[in-house]
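Report on one structure; see the data block that follows.
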Amino acid sequence: MTDPTPAGLVDAVPALASYLRPATLLHPEAKAPTAHGSSLGGPALWPDGAPWPHCTAGHPDDAYEDAAPRDRETTTAVALVPVLRVRAADAPHLPWPDGADVLQVLWCPNDHDDIQGERYYYGPAVELHWQRADGLAPRTPPRPRRSDDEYLPTPCVLRPEQIRDLPDRDELPGELRSAAEEFAERNGTEYHRDLACAGGWKLGGWPSWRSTDLIPVDCGACGARMRHLLTVESGDDPDVSVGRHGELHVFVCPQDLGHPVGLDLQ
């Protein structure tokens, strides 16, 4: 008997078709990336002449440093580190703004517990930059003044794979959830483990709710239900670990990509 697939499940339960979302599994491989392709922790590119982004938020461990007190920005500013760069050709289903063909994900490589609007969050502060490749030039970012080694990714090349993703069972109405779980049981597997929420570093698709019940993430600026953009999974890059060695989910506002991102740790 062949292993059941999301496509086979949708064939058996056609009402699930409307829940399929396009996604890209990134499949990081610890090989030296170039500045021209999509990469994880690869060579930095930035608009020529533009300042490199810094985090000026407070960090829980700042209070334990011996540095002499100065003004807030000087005391706490930490250079962001490049985490992910994705070309539009490798993830065409993302909500690319007009003219943008590169998404760069940067984060502050320290824990934060005071990000506005995030409940019970304790992890890196994340920024998204939607840019044009022809406006970027090689840049050597400043070293972060302080960092957690687990938030410094190993440079990796990516092997993008386009898939169709089904949601966590908590995202489904009761009747469809029962049908999906019955299909999985008949085929000797479990819906939430093998047919929903593909794991790994992922763009688009659905977030999993492995350690909590469904927690809707709403935009702090306009109140719209946010949409999953990125999953960072501990261990796919052997040196990155988020939360309790779990997953970091990054959400964007469907109304305005300029609104602050939503963050959730599982």
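Identifiers in the structure tokens: chain A, B, ... in order shown; residue index from 1 per chain; ligand index from 1 in order shown.
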
At most 9 Å is the cut-off: for each residue in region 181-255 of chain A with any atom that close to an atom of region 106-130 of chain A, write down the nearest atom pair and the distance in Å rounded to one decimal, counting only C-alpha atoms, chain first then increasing number, as a tab-separated table.
```
residue	atom	partner	partner_atom	distance
A:Val217	CA	A:Glu118	CA	8.9
A:Cys219	CA	A:Gly117	CA	8.5
A:Gly220	CA	A:Gly117	CA	6.0
A:Val242	CA	A:Gly123	CA	7.0
A:Gly243	CA	A:Gly123	CA	6.5
A:Leu248	CA	A:Gly123	CA	8.5
A:Val250	CA	A:Val126	CA	8.1
```

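Within region 127-246 of chain A, DSSP run on the backbone puts these residues in alpha helix (DSSP H): Gly174, Glu175, Leu176, Arg177, Ser178, Ala179, Ala180, Glu181, Glu182, Phe183, Ala184, Glu185 and Arg186 of chain A.
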
### Query
A:Leu257, A:Leu214, A:Trp201, A:Ala17: which is nearest Cys156 (chain A), counting only C-alpha atoms?
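Ranking A:Leu257, A:Leu214, A:Trp201, A:Ala17 by distance to Cys156 (chain A), first place goes to A:Trp201.
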
### Message
Just checking: using only C-alpha atoms, which residue out of A:Ala180, A:Leu265, A:Gln255, A:Thr212 ends up closest to Ala15 (chain A)?
### Response
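Ranked by minimum distance to Ala15 (chain A), first place goes to A:Ala180.
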
### Message
Excluding Leu172 (chain A) and its own-chain neighbours fewer than 2 positions away, which residues fall within 12 Å of it when counting only C-alpha atoms? Please give them as a list in words.
### Response
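Once the adjacent positions are removed, what remains is Ala15, Leu16, Ala17, Ser18, Tyr19, Leu20, Leu166, Pro167, Asp168, Arg169, Asp170, Gly174, Glu175, Leu176, Arg177, Ser178, Ala179, Ala180, Glu181, Tyr191, His192, Ala196, Trp206 and Leu214 of chain A.
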
### Task
Identify, on the basis of only C-alpha atoms, every residue whose closest approach to Val81 (chain A) does not exceed 10 Å; exclude the query and any residue fewer than 2 positions from it along the same chain; express the result as a list in words.
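Counting only C-alpha atoms, the residues come to Gly41, Ala44, Trp52, Pro53, His54, Val78, Ala79, Val83, Leu84, Val105, Leu106, Trp107, Cys108, Pro109, Val126, Pro141, Pro142, Arg143, Pro144, Ser147, Tyr151, Leu152 and Pro153 of chain A.
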